[in-house]
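*Asks:* If you scroll down you'll find the structure; I have some questions about it.
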Amino acid sequence: MHRWRVGRVLLSLLVVLPLATPATAGATGGIPEAHRLAEAVTQAMADFPGEYSVAVEDLTTGAQWLLNADRRYHPASTLKLPVALYALEQYRAGEIGWEDLIEYTERDVEPPAGPFETAAFGNRFPVGDLVGWSLSYSNNIAVNMLGRHLGWGNIELWTASIGGRLTHEERLPRASALDVLHWWGHLHRLAQEDPEVAELVVQPLRDVTYRGRISAGLPEGVPHLHKYGSYDGNYHDSGIVYGDRPFILVVMTDGAPLAEADAAIARVTAAVYQVLTESPGTNPEPVQVVKALLDEVGPVPY
């Protein structure tokens with residue numbers, strides 16, 4: 001008799017508790033639209049052939065929605081953001097000047113050369129220019145020079161202090177979507193506390209020319225900043241989307257072809273933007289990313 005009653009209780013729990021989808025199984029967060037975000041992201045990433053993580057923060061309330069956000073990836077060029085932010089913190093502390101010169105050495109070389117095409121080893125460049133080139137054009141030489149001058153170990157310690165730890169494993173950088181979320185959160189707070197200084201990093205981000213991934217998933221004219229990254233099957237984008245309800249969005253992927261990752265990040269962006277900018281209670285069809293827009297943006301930089 002007792003065995004039968006226990007069986008009935010277990011059966012009723014199985015009926016009442018919803019089965020988690022692959023996306024909702026790893027999702028956490030306090031955003032009121034958490035369930036709708038889970039559904040929208042699951043639909044946007046249906047049949048995606050690689051792994052992925054998503055992190056969202058509502059900048060009005062501080063509430064977050066996280067999906068597999070602790071998984072660590074090679075961050076590719078998204079790491080140029082914390083390097084720039086650390087340089088800015090050193091500038092604010094009076095440890096460096098924005099016009100201080102850093103020597104270009106053979107150790108810094110990494111394609112594409114960009115503004116260093118005709119530079120000779122021994123030439124010196126201002127910190128501010130290097131920050132600008134690393135963010136606006138995603139130039140690898142510029143970030144290598146900054147990292148060497150500032151100290152990668154110092155940069156890693158500083159990122160841990162703001163909750164978004166950049167690490168190295170087997171000499172390769174590693175970061176999670178939650179880490180990247182913290183980098184953008186730091187920039188957002190700095191822009192509120194000290195907008196004039198923050199502008200030294202915000203302006204180069206505003207000047208980013210690549211309009212794929214997050215940019216491709218937003219309606220035309222929606223203001224945003226973003227820093228993307230591409231390396232060895234890792235394709236990411238992250239940034240702040242402004243409007244009546246500003247939010248941070250981070251999407252990191254691994255193992256999918258470039259074109260599929262580009263399109264998937266754009267779809268996730270469109271889905272998240274729609275959920276967070278609509279009136280509560282609506283359940284519209286998901287935004288479709290126009291293929292022509294993705295074709296138009298051209299190849300992604302590093």
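Residues are referred to by chain and number: the chain letter is A, B, ... according to the order shown in the structure tokens, the number counts from 1 in that chain, and ligands are numbered separately from 1 in the order shown.
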Report as a list in words all protein, DNA and RNA residues lying within 8 Å of range 93-98 of chain A, evaluated on only C-alpha atoms, omitting residues in the same chain fewer than 5 positions from it.
*Replies:*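 Once the adjacent positions are removed, what remains is Ala87, Pro126, Val127 and Gly128 of chain A.
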*Asks:* Name the residues in contact with Gly114 in chain A at a cut-off of 12 Å, using only C-alpha atoms, excluding same-chain residues fewer than 5 positions from it; report them as a PDB file with N, CA and C atoms, in the first residue's frame.
*Replies:*
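Here's the written file result21.pdb:
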```
ATOM      1  N   VAL A 109      54.558  41.046 -33.642  1.00  0.00           N
ATOM      2  CA  VAL A 109      54.026  40.837 -34.991  1.00  0.00           C
ATOM      3  C   VAL A 109      52.979  39.733 -35.007  1.00  0.00           C
ATOM      4  N   ALA A 119      55.405  50.206 -40.669  1.00  0.00           N
ATOM      5  CA  ALA A 119      56.150  50.530 -39.446  1.00  0.00           C
ATOM      6  C   ALA A 119      57.430  49.692 -39.354  1.00  0.00           C
ATOM      7  N   LEU A 130      47.056  52.772 -29.723  1.00  0.00           N
ATOM      8  CA  LEU A 130      47.029  51.305 -29.671  1.00  0.00           C
ATOM      9  C   LEU A 130      45.683  50.801 -29.161  1.00  0.00           C
ATOM     10  N   TRP A 133      43.191  51.322 -32.100  1.00  0.00           N
ATOM     11  CA  TRP A 133      43.341  50.363 -33.197  1.00  0.00           C
ATOM     12  C   TRP A 133      42.926  48.957 -32.770  1.00  0.00           C
ATOM     13  N   SER A 134      43.192  48.602 -31.511  1.00  0.00           N
ATOM     14  CA  SER A 134      42.840  47.250 -31.050  1.00  0.00           C
ATOM     15  C   SER A 134      41.327  47.066 -30.986  1.00  0.00           C
ATOM     16  N   SER A 136      38.781  49.420 -32.563  1.00  0.00           N
ATOM     17  CA  SER A 136      38.075  49.804 -33.797  1.00  0.00           C
ATOM     18  C   SER A 136      38.347  48.835 -34.936  1.00  0.00           C
ATOM     19  N   TYR A 137      39.621  48.412 -35.068  1.00  0.00           N
ATOM     20  CA  TYR A 137      40.016  47.555 -36.186  1.00  0.00           C
ATOM     21  C   TYR A 137      40.396  46.152 -35.741  1.00  0.00           C
ATOM     22  N   SER A 138      40.280  45.885 -34.458  1.00  0.00           N
ATOM     23  CA  SER A 138      40.632  44.586 -33.880  1.00  0.00           C
ATOM     24  C   SER A 138      42.068  44.196 -34.246  1.00  0.00           C
ATOM     25  N   ASN A 139      42.981  45.163 -34.194  1.00  0.00           N
ATOM     26  CA  ASN A 139      44.360  44.916 -34.605  1.00  0.00           C
ATOM     27  C   ASN A 139      45.117  44.119 -33.545  1.00  0.00           C
ATOM     28  N   ASN A 140      45.724  43.018 -33.982  1.00  0.00           N
ATOM     29  CA  ASN A 140      46.413  42.118 -33.060  1.00  0.00           C
ATOM     30  C   ASN A 140      47.751  42.669 -32.593  1.00  0.00           C
ATOM     31  N   ILE A 141      48.462  43.356 -33.469  1.00  0.00           N
ATOM     32  CA  ILE A 141      49.751  43.919 -33.075  1.00  0.00           C
ATOM     33  C   ILE A 141      49.556  44.933 -31.953  1.00  0.00           C
ATOM     34  N   ALA A 142      48.535  45.769 -32.098  1.00  0.00           N
ATOM     35  CA  ALA A 142      48.278  46.796 -31.085  1.00  0.00           C
ATOM     36  C   ALA A 142      48.023  46.176 -29.717  1.00  0.00           C
ATOM     37  N   PRO A 301      36.485  40.424 -39.349  1.00  0.00           N
ATOM     38  CA  PRO A 301      37.884  40.597 -38.972  1.00  0.00           C
ATOM     39  C   PRO A 301      38.229  39.642 -37.833  1.00  0.00           C
ATOM     40  N   TYR A 302      39.432  39.760 -37.297  1.00  0.00           N
ATOM     41  CA  TYR A 302      39.873  38.852 -36.222  1.00  0.00           C
ATOM     42  C   TYR A 302      39.160  39.171 -34.929  1.00  0.00           C
TER      43      TYR A 302
END
```
*Asks:* Name the closest residue to Met45 in chain A among the candidates A:Lys80, A:Arg213, A:Arg267, A:His188; distances are taken between atoms, counting only C-alpha atoms.
*Replies:* A:Arg267
*Asks:* Which residues are near range 48-58 of chain A? Cut-off 8 Å, only C-alpha atoms, ignore same chain within fewer than 6 positions. Put them as a PDB file with C-alpha atoms, in the first residue's frame.
*Replies:*
```pdb
ATOM      1  CA  ILE A  31      15.069  38.483 -15.473  1.00  0.00           C
ATOM      2  CA  GLN A  64      20.765  38.523 -15.502  1.00  0.00           C
ATOM      3  CA  TRP A  65      19.875  35.529 -17.651  1.00  0.00           C
ATOM      4  CA  LEU A  66      22.682  33.011 -18.098  1.00  0.00           C
ATOM      5  CA  LEU A  67      22.912  29.934 -20.300  1.00  0.00           C
ATOM      6  CA  ASN A  68      26.006  27.709 -19.918  1.00  0.00           C
ATOM      7  CA  ALA A  69      27.726  30.969 -19.012  1.00  0.00           C
ATOM      8  CA  ARG A  71      31.890  27.324 -19.945  1.00  0.00           C
ATOM      9  CA  ALA A 177      30.397  34.384 -21.249  1.00  0.00           C
ATOM     10  CA  LEU A 178      29.899  35.475 -17.643  1.00  0.00           C
ATOM     11  CA  LEU A 181      29.542  40.112 -19.234  1.00  0.00           C
ATOM     12  CA  ARG A 245      15.805  49.083 -21.861  1.00  0.00           C
ATOM     13  CA  PRO A 246      19.591  48.832 -22.351  1.00  0.00           C
ATOM     14  CA  PHE A 247      21.179  45.430 -21.913  1.00  0.00           C
ATOM     15  CA  ILE A 248      24.466  43.581 -22.221  1.00  0.00           C
ATOM     16  CA  LEU A 249      24.531  40.565 -24.535  1.00  0.00           C
ATOM     17  CA  VAL A 250      27.303  37.972 -24.839  1.00  0.00           C
ATOM     18  CA  VAL A 251      27.144  35.035 -27.256  1.00  0.00           C
ATOM     19  CA  MET A 252      30.090  32.619 -27.448  1.00  0.00           C
ATOM     20  CA  THR A 253      30.304  29.614 -29.769  1.00  0.00           C
ATOM     21  CA  ASP A 254      32.706  26.790 -30.525  1.00  0.00           C
ATOM     22  CA  GLY A 255      32.806  24.109 -33.187  1.00  0.00           C
ATOM     23  CA  ALA A 256      30.469  25.492 -35.861  1.00  0.00           C
ATOM     24  CA  GLU A 260      26.629  29.276 -39.275  1.00  0.00           C
ATOM     25  CA  ALA A 264      23.258  32.087 -35.181  1.00  0.00           C
TER      26      ALA A 264
END
```
*Asks:* Would you work out the distance separating CA of Ala271 in chain A from CA of Ala63 in chain A, expressed in Å to one decimal?
*Replies:*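 Interatomic distance, CA of Ala271 in chain A to CA of Ala63 in chain A: 17.8 Å.
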*Asks:* Please identify the helix (DSSP H, G or I) residues within range 41-231 of chain A (assignment by DSSP from backbone atoms) and present them as a PyMOL selection string.
*Replies:* chain A and resi 41-44+76-92+106-108+114-116+127-136+140-150+152-161+177-193+195-206+214-217
*Asks:* Restricting the calculation to only C-alpha atoms: of A:Pro223, A:Pro257, A:Gly153, A:Gly217, which residue gets closest to Gln274 in chain A?
*Replies:* A:Gly217
*Asks:* So which residues of range 79-254 of chain A fall under strand (DSSP E) by DSSP, listed as JSON, numbers by chain?
*Replies:* {"A": [101, 102, 103, 124, 125, 126, 167, 168, 169, 172, 173, 174, 175, 176, 224, 225, 226, 227, 228, 229, 230, 231, 234, 235, 236, 237, 238, 239, 240, 241, 247, 248, 249, 250, 251, 252, 253, 254]}
*Asks:* With distances taken over only C-alpha atoms, which residue among A:Val180, A:Asp129, A:Arg148, A:Glu103 lies nearest Pro115 in chain A?
*Replies:*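 Residue with the minimum atom-to-atom distance to Pro115 in chain A: A:Asp129.
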*Asks:* Find, counting only C-alpha atoms, the residue in A:Leu85, A:Val131, A:Val143, A:Ile265 that gets nearest to Leu190 in chain A.
*Replies:*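 Selected residue with least distance to Leu190 in chain A: A:Leu85.
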*Asks:* Can you check which parts of range 63-110 of chain A lie within 9 Å of range 163-168 of chain A? Per residue, the shortest pair of atoms and distance in Å to one decimal, counting only C-alpha atoms, sorted by chain and number, as JSON lines.
*Replies:*
```
{"residue": "A:Pro75", "atom": "CA", "partner": "A:Leu166", "partner_atom": "CA", "distance": 8.8}
{"residue": "A:Leu79", "atom": "CA", "partner": "A:Leu166", "partner_atom": "CA", "distance": 7.8}
{"residue": "A:Pro82", "atom": "CA", "partner": "A:Leu166", "partner_atom": "CA", "distance": 8.4}
```
